[in-house]
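Novice: So here's protein.csv, just CSV, C-alpha atoms:
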```
chain,number,residue,atom,x,y,z
S,1,MET,CA,-222.4,-58.6,91.2
S,2,LYS,CA,-225.0,-56.6,89.2
S,3,PHE,CA,-225.2,-52.9,88.8
S,4,GLN,CA,-227.7,-50.2,87.8
S,5,GLN,CA,-226.7,-46.8,86.5
S,6,ARG,CA,-228.4,-43.4,86.4
S,7,SER,CA,-227.1,-40.0,85.3
S,8,THR,CA,-227.8,-36.5,86.5
S,9,PRO,CA,-226.2,-33.4,84.9
S,10,ASP,CA,-223.6,-33.4,87.7
S,11,ALA,CA,-222.8,-37.1,88.2
S,12,VAL,CA,-223.1,-40.6,87.0
S,13,GLU,CA,-224.3,-42.9,89.8
S,14,VAL,CA,-223.7,-46.6,89.8
S,15,ARG,CA,-225.5,-48.8,92.3
S,16,LEU,CA,-223.8,-52.2,92.9
S,17,MET,CA,-225.8,-55.1,94.1
S,18,GLY,CA,-225.0,-58.6,95.5
S,19,ARG,CA,-221.4,-59.6,96.0
S,20,LEU,CA,-218.3,-57.8,94.6
S,21,GLU,CA,-215.5,-60.3,94.4
S,22,PHE,CA,-212.6,-61.6,92.4
S,23,THR,CA,-214.9,-63.2,89.8
S,24,ASP,CA,-216.3,-59.8,88.8
S,25,HIS,CA,-213.4,-58.3,86.8
S,26,ASP,CA,-215.5,-58.2,83.6
S,27,ARG,CA,-218.1,-56.1,85.4
S,28,LEU,CA,-215.2,-53.7,86.3
S,29,HIS,CA,-214.5,-53.2,82.6
S,30,ASP,CA,-218.2,-52.3,82.1
S,31,ILE,CA,-218.1,-49.7,84.9
S,32,VAL,CA,-214.8,-48.2,83.7
S,33,GLY,CA,-216.5,-47.9,80.3
S,34,LEU,CA,-219.1,-45.6,81.9
S,35,LEU,CA,-216.3,-43.5,83.3
S,36,GLU,CA,-214.7,-43.2,79.9
S,37,ILE,CA,-217.8,-41.8,78.3
S,38,THR,CA,-219.2,-39.6,81.0
S,39,ARG,CA,-219.0,-35.8,80.7
S,40,ALA,CA,-220.1,-35.3,84.3
S,41,ARG,CA,-217.6,-34.2,86.9
S,42,GLY,CA,-218.8,-36.6,89.5
S,43,PHE,CA,-219.0,-40.4,89.7
S,44,VAL,CA,-220.8,-42.0,92.6
S,45,VAL,CA,-220.5,-45.7,93.5
S,46,ASP,CA,-223.5,-46.6,95.7
S,47,LEU,CA,-222.7,-49.7,97.8
S,48,SER,CA,-226.0,-49.8,99.8
S,49,GLY,CA,-227.2,-52.8,97.8
S,50,LEU,CA,-223.9,-54.7,98.2
S,51,GLU,CA,-223.8,-57.6,100.7
S,52,PHE,CA,-220.2,-58.6,100.5
S,53,ILE,CA,-216.9,-57.3,99.2
S,54,ASP,CA,-213.5,-59.0,99.1
S,55,SER,CA,-210.0,-57.7,98.8
S,56,ALA,CA,-210.2,-57.9,95.0
S,57,GLY,CA,-213.4,-55.9,95.1
S,58,LEU,CA,-211.7,-53.2,97.1
S,59,GLY,CA,-208.9,-53.3,94.6
S,60,MET,CA,-211.6,-52.6,91.9
S,61,LEU,CA,-212.7,-49.5,93.8
S,62,LEU,CA,-209.1,-48.3,93.8
S,63,ILE,CA,-208.9,-48.9,90.1
S,64,LEU,CA,-212.1,-46.8,89.6
S,65,GLN,CA,-210.5,-44.1,91.8
S,66,GLU,CA,-207.4,-44.1,89.5
S,67,GLU,CA,-209.5,-44.1,86.4
S,68,ALA,CA,-211.6,-41.2,87.7
S,69,GLU,CA,-208.6,-39.2,88.8
S,70,SER,CA,-207.0,-39.5,85.5
S,71,ARG,CA,-210.1,-38.0,83.9
S,72,ASN,CA,-210.4,-35.3,86.5
S,73,VAL,CA,-213.7,-36.8,87.7
S,74,LYS,CA,-214.5,-36.8,91.5
S,75,LEU,CA,-215.3,-40.3,92.7
S,76,THR,CA,-217.3,-40.9,95.8
S,77,VAL,CA,-218.3,-44.2,97.4
S,78,ARG,CA,-221.4,-44.2,99.6
S,79,GLY,CA,-223.9,-46.4,101.4
S,80,ALA,CA,-221.5,-49.1,102.6
S,81,GLN,CA,-222.8,-51.0,105.6
S,82,GLY,CA,-222.4,-54.2,107.6
S,83,ASP,CA,-219.7,-56.5,106.3
S,84,VAL,CA,-218.9,-54.2,103.4
S,85,ARG,CA,-218.2,-51.4,105.8
S,86,ARG,CA,-216.1,-53.7,107.9
S,87,SER,CA,-213.9,-54.6,104.9
S,88,ILE,CA,-213.5,-51.0,103.8
S,89,ASP,CA,-212.5,-49.9,107.3
S,90,LEU,CA,-210.1,-52.8,107.8
S,91,ALA,CA,-208.3,-52.0,104.6
S,92,ARG,CA,-208.5,-48.2,105.4
S,93,ILE,CA,-209.8,-47.5,101.9
S,94,GLY,CA,-211.2,-44.2,103.3
S,95,GLU,CA,-207.7,-42.8,103.4
S,96,ILE,CA,-207.6,-43.0,99.6
S,97,ILE,CA,-211.2,-42.7,98.4
S,98,THR,CA,-213.9,-40.3,99.6
S,99,ILE,CA,-216.3,-42.5,101.5
S,100,ASP,CA,-219.7,-41.0,102.4
S,101,SER,CA,-221.8,-42.7,105.1
V,1,MET,CA,-231.8,-84.6,64.0
V,2,GLN,CA,-231.5,-84.4,67.7
V,3,PRO,CA,-228.1,-83.6,69.0
V,4,VAL,CA,-226.5,-86.4,70.9
V,5,PRO,CA,-226.2,-85.4,74.6
V,6,PRO,CA,-222.7,-85.8,76.1
V,7,PRO,CA,-222.4,-88.9,78.3
V,8,PRO,CA,-223.0,-88.1,81.9
V,9,ARG,CA,-219.8,-88.1,83.9
V,10,PRO,CA,-219.5,-89.1,87.6
V,11,PHE,CA,-219.2,-85.9,89.6
V,12,CYS,CA,-218.9,-86.6,93.2
V,13,VAL,CA,-217.8,-89.3,95.6
V,14,MET,CA,-218.8,-89.1,99.2
V,15,ARG,CA,-217.1,-91.2,101.8
V,16,ALA,CA,-217.0,-91.6,105.5
V,17,SER,CA,-213.4,-92.8,105.2
V,18,VAL,CA,-210.3,-91.2,103.7
V,19,PRO,CA,-207.5,-92.8,101.7
V,20,ALA,CA,-204.4,-93.4,103.7
V,21,ASP,CA,-202.2,-91.2,101.5
V,22,MET,CA,-204.6,-88.3,101.9
V,23,THR,CA,-204.7,-88.8,105.6
V,24,SER,CA,-201.0,-88.5,105.9
V,25,ARG,CA,-200.8,-85.5,103.6
V,26,VAL,CA,-203.5,-83.7,105.5
V,27,ALA,CA,-202.0,-84.7,108.9
V,28,GLU,CA,-198.7,-83.2,107.8
V,29,ARG,CA,-200.2,-80.0,106.5
V,30,PHE,CA,-202.8,-79.6,109.2
V,31,ALA,CA,-201.0,-80.6,112.4
V,32,LEU,CA,-202.8,-78.7,115.1
V,33,PRO,CA,-203.0,-79.7,118.8
V,34,GLY,CA,-206.3,-80.6,120.4
V,35,PHE,CA,-207.7,-82.8,117.6
V,36,ALA,CA,-208.0,-86.5,118.0
V,37,LEU,CA,-208.3,-89.0,115.2
V,38,PRO,CA,-210.9,-91.4,116.6
V,39,GLY,CA,-211.9,-94.5,114.8
V,40,PHE,CA,-214.8,-94.2,112.4
V,41,GLY,CA,-217.4,-96.8,111.5
V,42,PRO,CA,-216.8,-99.0,108.5
V,43,ALA,CA,-219.8,-97.9,106.7
V,44,TRP,CA,-219.4,-95.3,103.9
V,45,THR,CA,-221.6,-93.7,101.5
V,46,ASP,CA,-220.7,-93.6,97.8
V,47,ALA,CA,-222.8,-91.4,95.6
V,48,LEU,CA,-222.4,-90.4,92.1
V,49,LEU,CA,-223.9,-87.2,91.0
V,50,LEU,CA,-224.3,-86.5,87.3
V,51,GLU,CA,-223.3,-83.4,85.3
V,52,ARG,CA,-221.6,-80.3,86.5
V,53,ALA,CA,-221.9,-79.3,90.1
V,54,ASP,CA,-223.6,-76.2,91.4
V,55,GLN,CA,-224.3,-75.1,94.9
V,56,ASP,CA,-227.6,-77.0,95.0
V,57,ARG,CA,-226.0,-80.3,94.1
V,58,LEU,CA,-223.2,-79.8,96.5
V,59,ARG,CA,-225.7,-79.0,99.3
V,60,GLU,CA,-227.6,-82.1,98.4
V,61,ALA,CA,-224.4,-84.1,98.7
V,62,PHE,CA,-223.6,-82.5,102.0
V,63,ASP,CA,-227.0,-83.4,103.3
V,64,ARG,CA,-225.9,-87.0,103.4
V,65,ASN,CA,-223.3,-86.0,106.0
V,66,PRO,CA,-220.3,-87.4,104.3
V,67,PHE,CA,-216.8,-86.8,105.6
V,68,LEU,CA,-215.4,-86.5,102.1
V,69,THR,CA,-217.0,-84.9,99.1
V,70,VAL,CA,-214.8,-85.1,96.0
V,71,GLU,CA,-215.4,-83.9,92.5
V,72,LEU,CA,-214.0,-86.3,90.0
V,73,GLY,CA,-212.0,-85.1,87.0
V,74,GLU,CA,-212.8,-85.6,83.4
V,75,GLY,CA,-212.3,-89.0,81.8
V,76,GLY,CA,-210.8,-92.2,83.1
V,77,ASP,CA,-212.4,-94.6,85.4
V,78,GLU,CA,-211.9,-92.6,88.6
V,79,PRO,CA,-214.8,-94.0,90.6
V,80,ALA,CA,-213.5,-97.5,90.3
V,81,ALA,CA,-209.9,-96.4,91.1
V,82,LEU,CA,-211.1,-94.5,94.1
V,83,ARG,CA,-213.1,-97.5,95.3
V,84,ASP,CA,-210.0,-99.7,95.0
V,85,ASP,CA,-207.6,-97.3,96.6
V,86,TRP,CA,-209.6,-95.7,99.3
V,87,SER,CA,-209.3,-98.5,101.8
V,88,GLY,CA,-210.6,-96.8,104.8
V,89,ALA,CA,-208.2,-94.7,107.0
V,90,PRO,CA,-210.4,-93.1,109.6
V,91,ALA,CA,-212.1,-89.8,109.0
V,92,VAL,CA,-211.6,-86.9,111.3
V,93,GLU,CA,-214.7,-86.4,113.3
V,94,PRO,CA,-216.0,-83.7,113.5
V,95,GLY,CA,-214.8,-82.5,110.3
V,96,PHE,CA,-215.3,-82.7,106.5
V,97,TYR,CA,-213.3,-82.4,103.4
V,98,LEU,CA,-214.3,-80.9,100.0
V,99,SER,CA,-212.2,-81.4,96.9
V,100,LEU,CA,-213.2,-79.5,93.7
V,101,THR,CA,-211.5,-78.8,90.4
V,102,THR,CA,-210.6,-75.2,89.9
V,103,GLY,CA,-213.1,-74.9,87.0
V,104,THR,CA,-215.9,-75.8,89.3
V,105,ALA,CA,-214.7,-73.8,92.3
V,106,TYR,CA,-214.4,-70.6,90.3
V,107,GLY,CA,-217.6,-68.7,90.7
V,108,LEU,CA,-219.2,-71.3,93.1
V,109,GLN,CA,-218.9,-69.1,96.2
V,110,CYS,CA,-217.2,-72.0,98.0
V,111,ALA,CA,-216.8,-70.0,101.2
V,112,VAL,CA,-220.5,-69.5,101.5
V,113,LEU,CA,-221.1,-73.2,100.8
V,114,VAL,CA,-218.5,-74.3,103.3
V,115,CYS,CA,-219.7,-71.9,106.0
V,116,ASP,CA,-223.3,-73.0,105.5
V,117,GLU,CA,-222.2,-76.6,106.0
V,118,LEU,CA,-220.0,-75.7,109.0
V,119,ALA,CA,-223.1,-74.0,110.6
V,120,ARG,CA,-225.3,-77.0,109.7
V,121,ARG,CA,-223.0,-79.4,111.4
V,122,GLY,CA,-222.5,-77.2,114.5
V,123,GLY,CA,-219.0,-76.1,113.8
V,124,LEU,CA,-219.6,-72.4,113.3
V,125,PRO,CA,-221.4,-70.2,115.8
V,126,ASP,CA,-223.6,-67.5,114.3
V,127,GLY,CA,-221.6,-64.6,115.7
V,128,ARG,CA,-218.4,-65.9,114.0
V,129,ARG,CA,-219.8,-66.5,110.5
V,130,SER,CA,-219.0,-63.1,109.0
V,131,ASN,CA,-215.2,-63.1,109.8
V,132,VAL,CA,-214.7,-66.8,109.1
V,133,GLU,CA,-216.5,-66.5,105.7
V,134,LEU,CA,-214.3,-63.5,104.6
V,135,CYS,CA,-211.1,-65.2,105.7
V,136,LEU,CA,-212.0,-68.4,104.0
V,137,HIS,CA,-213.1,-66.6,100.8
V,138,GLU,CA,-209.7,-64.8,100.7
V,139,ALA,CA,-207.8,-68.1,101.1
V,140,ILE,CA,-209.9,-69.8,98.4
V,141,ALA,CA,-209.5,-66.8,96.0
V,142,ASN,CA,-205.7,-66.9,96.5
V,143,ALA,CA,-205.7,-70.6,95.9
V,144,ILE,CA,-207.7,-70.3,92.7
V,145,VAL,CA,-206.2,-67.2,91.2
V,146,HIS,CA,-202.6,-67.1,92.3
V,147,GLY,CA,-202.2,-70.9,93.0
V,148,ASN,CA,-204.0,-73.0,90.5
V,149,LEU,CA,-204.4,-70.4,87.7
V,150,GLY,CA,-200.9,-69.2,88.3
V,151,ILE,CA,-201.6,-65.5,87.9
V,152,PRO,CA,-199.1,-63.4,89.8
V,153,SER,CA,-200.3,-60.7,92.2
V,154,ALA,CA,-197.8,-58.3,90.4
V,155,ALA,CA,-200.0,-58.4,87.3
V,156,LYS,CA,-202.3,-55.9,88.9
V,157,SER,CA,-199.5,-53.5,89.8
V,158,GLN,CA,-198.5,-52.8,86.2
V,159,PRO,CA,-199.8,-49.9,84.3
V,160,ASP,CA,-203.3,-50.9,83.0
V,161,GLY,CA,-202.8,-53.9,85.2
V,162,TYR,CA,-206.5,-54.7,85.7
V,163,ARG,CA,-206.9,-55.2,81.9
V,164,LEU,CA,-203.8,-57.6,81.9
V,165,PHE,CA,-205.2,-59.4,85.0
V,166,GLY,CA,-208.6,-59.8,83.3
V,167,ARG,CA,-207.0,-61.2,80.1
V,168,LEU,CA,-204.8,-63.6,82.1
V,169,LEU,CA,-207.8,-64.8,84.0
V,170,ARG,CA,-209.8,-65.5,80.8
V,171,GLU,CA,-206.8,-67.3,79.3
V,172,ARG,CA,-206.1,-69.5,82.3
V,173,LEU,CA,-209.8,-70.4,82.8
V,174,GLY,CA,-209.7,-71.7,79.2
V,175,ASP,CA,-206.6,-73.8,79.9
V,176,PRO,CA,-207.8,-77.4,80.6
V,177,ALA,CA,-204.7,-78.3,82.7
V,178,ALA,CA,-205.2,-75.2,84.9
V,179,ILE,CA,-208.9,-75.8,85.6
V,180,ARG,CA,-208.4,-79.4,86.4
V,181,ARG,CA,-206.1,-78.6,89.3
V,182,ARG,CA,-207.7,-79.2,92.7
V,183,ILE,CA,-208.8,-77.0,95.5
V,184,ASP,CA,-209.0,-79.0,98.7
V,185,ILE,CA,-210.8,-77.5,101.7
V,186,PHE,CA,-210.5,-79.4,105.0
V,187,CYS,CA,-212.5,-78.3,108.1
V,188,ARG,CA,-212.1,-79.6,111.6
V,189,TRP,CA,-213.5,-78.2,114.8
V,190,SER,CA,-213.8,-78.8,118.5
V,191,ALA,CA,-215.7,-76.9,121.2
V,192,ALA,CA,-212.8,-74.3,121.4
V,193,VAL,CA,-211.3,-74.1,117.9
V,194,LEU,CA,-212.3,-74.2,114.3
V,195,ALA,CA,-209.5,-74.8,111.7
V,196,VAL,CA,-209.8,-74.7,108.0
V,197,ALA,CA,-207.1,-75.7,105.5
V,198,VAL,CA,-207.2,-74.6,101.9
V,199,VAL,CA,-204.8,-76.4,99.6
V,200,ASP,CA,-204.1,-75.8,96.0
V,201,GLN,CA,-201.9,-77.5,93.4
V,202,GLY,CA,-200.2,-74.4,92.1
V,203,GLY,CA,-196.6,-73.3,92.1
V,204,GLY,CA,-196.7,-71.9,95.7
V,205,PHE,CA,-195.0,-68.7,96.8
V,206,ASP,CA,-192.5,-67.6,99.4
V,207,SER,CA,-194.6,-67.3,102.5
V,208,ALA,CA,-191.7,-65.8,104.4
V,209,ALA,CA,-191.6,-62.8,102.2
V,210,PRO,CA,-193.3,-59.8,103.7
V,211,VAL,CA,-196.8,-59.1,102.4
V,212,ALA,CA,-196.6,-55.9,100.3
V,213,VAL,CA,-199.4,-53.6,101.2
V,214,ALA,CA,-197.1,-50.8,102.2
V,215,ASP,CA,-198.6,-48.7,99.6
V,216,GLY,CA,-202.2,-48.1,100.6
V,217,LYS,CA,-203.1,-47.7,96.9
V,218,ALA,CA,-201.9,-51.2,96.0
V,219,GLN,CA,-204.6,-53.1,94.2
V,220,SER,CA,-203.6,-56.5,95.7
V,221,GLY,CA,-202.3,-58.0,98.9
V,222,ARG,CA,-205.2,-57.2,101.2
V,223,GLY,CA,-206.4,-60.8,101.4
V,224,PHE,CA,-203.7,-61.8,103.9
V,225,LEU,CA,-204.3,-58.5,105.7
V,226,PHE,CA,-207.9,-59.6,106.3
V,227,MET,CA,-206.9,-63.1,107.3
V,228,ARG,CA,-204.3,-61.9,109.8
V,229,ALA,CA,-206.7,-59.3,111.2
V,230,LEU,CA,-209.7,-61.6,111.6
V,231,ALA,CA,-208.4,-65.1,112.2
V,232,SER,CA,-206.8,-66.2,115.5
V,233,GLY,CA,-204.0,-67.7,113.5
V,234,VAL,CA,-202.9,-68.0,109.9
V,235,THR,CA,-200.2,-70.6,108.9
V,236,VAL,CA,-198.9,-71.1,105.4
V,237,THR,CA,-197.2,-74.4,104.6
V,238,ASP,CA,-196.3,-76.6,101.7
V,239,GLY,CA,-194.3,-73.9,99.9
V,240,GLY,CA,-197.3,-71.6,99.9
V,241,ARG,CA,-199.8,-74.1,98.7
V,242,CYS,CA,-201.6,-74.7,102.0
V,243,THR,CA,-203.2,-72.0,104.1
V,244,VAL,CA,-204.5,-73.0,107.5
V,245,LEU,CA,-206.9,-70.6,109.2
V,246,ARG,CA,-207.5,-71.1,113.0
V,247,PHE,CA,-210.4,-69.4,114.8
V,248,ASP,CA,-210.8,-69.6,118.6
V,249,LEU,CA,-214.5,-70.1,119.2
```
Please go through the file and, once you have read it, give me the structure as structure tokens.
Specialist:
Amino acid sequence: MKFQQRSTPDAVEVRLMGRLEFTDHDRLHDIVGLLEITRARGFVVDLSGLEFIDSAGLGMLLILQEEAESRNVKLTVRGAQGDVRRSIDLARIGEIITIDS
Amino acid sequence: MQPVPPPPRPFCVMRASVPADMTSRVAERFALPGFALPGFGPAWTDALLLERADQDRLREAFDRNPFLTVELGEGGDEPAALRDDWSGAPAVEPGFYLSLTTGTAYGLQCAVLVCDELARRGGLPDGRRSNVELCLHEAIANAIVHGNLGIPSAAKSQPDGYRLFGRLLRERLGDPAAIRRRIDIFCRWSAAVLAVAVVDQGGGFDSAAPVAVADGKAQSGRGFLFMRALASGVTVTDGGRCTVLRFDL
């Protein structure tokens, strides 16, 4: 998985690309690092460039949610489609994280 | 002075026959109705690839249509040993068997590779690819992480668990004994059924215990949820070391 980031006054946006899976834990550290330094109140994870996510990848989204919550930052996931959307729906991640279409 | 390159090591043996002990092991783990064990021609292909495997090398190996593709371990005279011992129990046709060390399998996207090969050999219809690939990926990830690398699922549940999990992962990937353990992937299919067995050499787990995803916020445990939702059948045998996925086609 690769990611790009951009910041606005209101939010940090991270766009994930490729596959998010169990071998990507080091990338998670990098993204949590962005959360740790942001002063914005919003954190957007854009999955529109993601082709595949496994159960470990979904676990990483939940970790980001916890990390954001603990810093009073609002996390939003958006842009999931195809197989990524299927996995998110199967695991009912939308009951825990705000998922925008 | 030029550095001396490491000696090439044999990587891969491909056969159209299977050693008898492996056949009995697989038959025991993979007993499913509807599959015959027809005789197979005496000819076999034996190819040695050099250096470490990547997806391109494994695809090149698969292109020779072997039944069995096996990564050899470090050291020893394994090619000779395999040649002596593998005296030609019949292969299962149609089917194929891929055996990799954990060090190679990690990060190789084995499920993609295996699904590509299943599709190439006519064992995986297009419309089923997505679900099969996700289930197979989850079974392989479990076999690598929780099986051969021995990292418990509970590691993620602790406070700051993902940091602990990452540290354990790095430690175990640096452990030569752990990364030498094998992941075996065995695929068989008929017109009606595709079955894939994923076997590891880890400590196993209590497959009778309920899968704990009661808490929707749990950061692990969804792999089996996916497999049970998307496969026609999931069977765990051999003390948790073998997961068999069945898909009605």
Novice: With distances taken over all atoms listed in the file, which of V:Pro125, V:Gly223, V:Gly95, V:Gly174 is nearest to chain S?
Specialist: V:Gly223
Novice: Which polymer residues have any atom within 8 Å of an atom of S:Met17, counting all atoms listed in the file, with same-chain residues fewer than 5 positions away left out, as a list in words?
Specialist: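 Here the qualifying residues turn out to be Met1, Lys2, Phe3, Leu47, Ser48, Gly49, Leu50 and Glu51 of chain S.
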Novice: For S:Glu67, which residue among V:Thr235, V:Leu230, V:Gly204, V:Asp160 is the nearest when counting only C-alpha atoms?
Specialist: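 For S:Glu67, the nearest of the candidates is V:Asp160.
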Novice: Identify which of the residues S:Leu35, S:His29, S:Ala40, S:Phe22 lies closest to S:Thr8, counting all atoms listed in the file when measuring atom-to-atom distances.
Specialist: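 That would be S:Ala40, the residue with the smallest distance to S:Thr8.
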Novice: For chain V, list the residues within 12 Å of chain S, counting only C-alpha atoms, and write the list as number ranges by chain.
Specialist: V: 105-109, 111-112, 129-146, 153, 156-170, 173, 213-230
Novice: Report, in Å to a single decimal, how far apart atom CA of V:Ala155 and atom CA of V:Asp175 are.
Specialist: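 Atom CA of V:Ala155 lies 18.3 Å from atom CA of V:Asp175.
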Novice: Distance atom CA of V:Arg121-atom CA of V:Trp189, one decimal place?
Specialist: 10.2 Å
Novice: Leaving out stretch 197-203 of chain V and any residue of its chain fewer than 4 positions from it, which residues lie within 7 Å of it when counting all atoms listed in the file, given as a PyMOL selection string?
Specialist: chain V and resi 30+139-140+143+147-148+150+181-187+241-245
Novice: Please write the residues from the selection above to a file, keeping C-alpha atoms, as a compact mmCIF listing (two decimals), in the frame of the given file.
Specialist:
```
# COMPACT_ATOMS: atom_id res chain seq x y z
CA PHE V 30 -202.80 -79.60 109.20
CA ALA V 139 -207.80 -68.10 101.10
CA ILE V 140 -209.90 -69.80 98.40
CA ALA V 143 -205.70 -70.60 95.90
CA GLY V 147 -202.20 -70.90 93.00
CA ASN V 148 -204.00 -73.00 90.50
CA GLY V 150 -200.90 -69.20 88.30
CA ARG V 181 -206.10 -78.60 89.30
CA ARG V 182 -207.70 -79.20 92.70
CA ILE V 183 -208.80 -77.00 95.50
CA ASP V 184 -209.00 -79.00 98.70
CA ILE V 185 -210.80 -77.50 101.70
CA PHE V 186 -210.50 -79.40 105.00
CA CYS V 187 -212.50 -78.30 108.10
CA ARG V 241 -199.80 -74.10 98.70
CA CYS V 242 -201.60 -74.70 102.00
CA THR V 243 -203.20 -72.00 104.10
CA VAL V 244 -204.50 -73.00 107.50
CA LEU V 245 -206.90 -70.60 109.20
```
Novice: When you count only C-alpha atoms, which of these residues is closest to S:Asn72: S:Asp46, S:Thr38, S:Arg27, S:Asp89?
Specialist: S:Thr38
Novice: Just how far from atom CA of S:Leu64 is atom CA of S:Glu36, in Å to one decimal?
Specialist: 10.7 Å
Novice: Quick one: residues within 9 Å of stretch 43-45 of chain S, all atoms listed in the file counted, chain neighbours fewer than 2 positions away excluded, as a PyMOL selection string?
Specialist: chain S and resi 10-16+35+38+40-41+47+61+68+73-79
Novice: In the coordinates of the file, take the point (-218.6, -73.6, 114.5) and a cut-off of 9 Å; then, counting only C-alpha atoms, name each qualifying protein, DNA or RNA residue as an MDAnalysis selection string.
Specialist: chainID V and resid 115 118:126 128:129 189:191 193:194 249
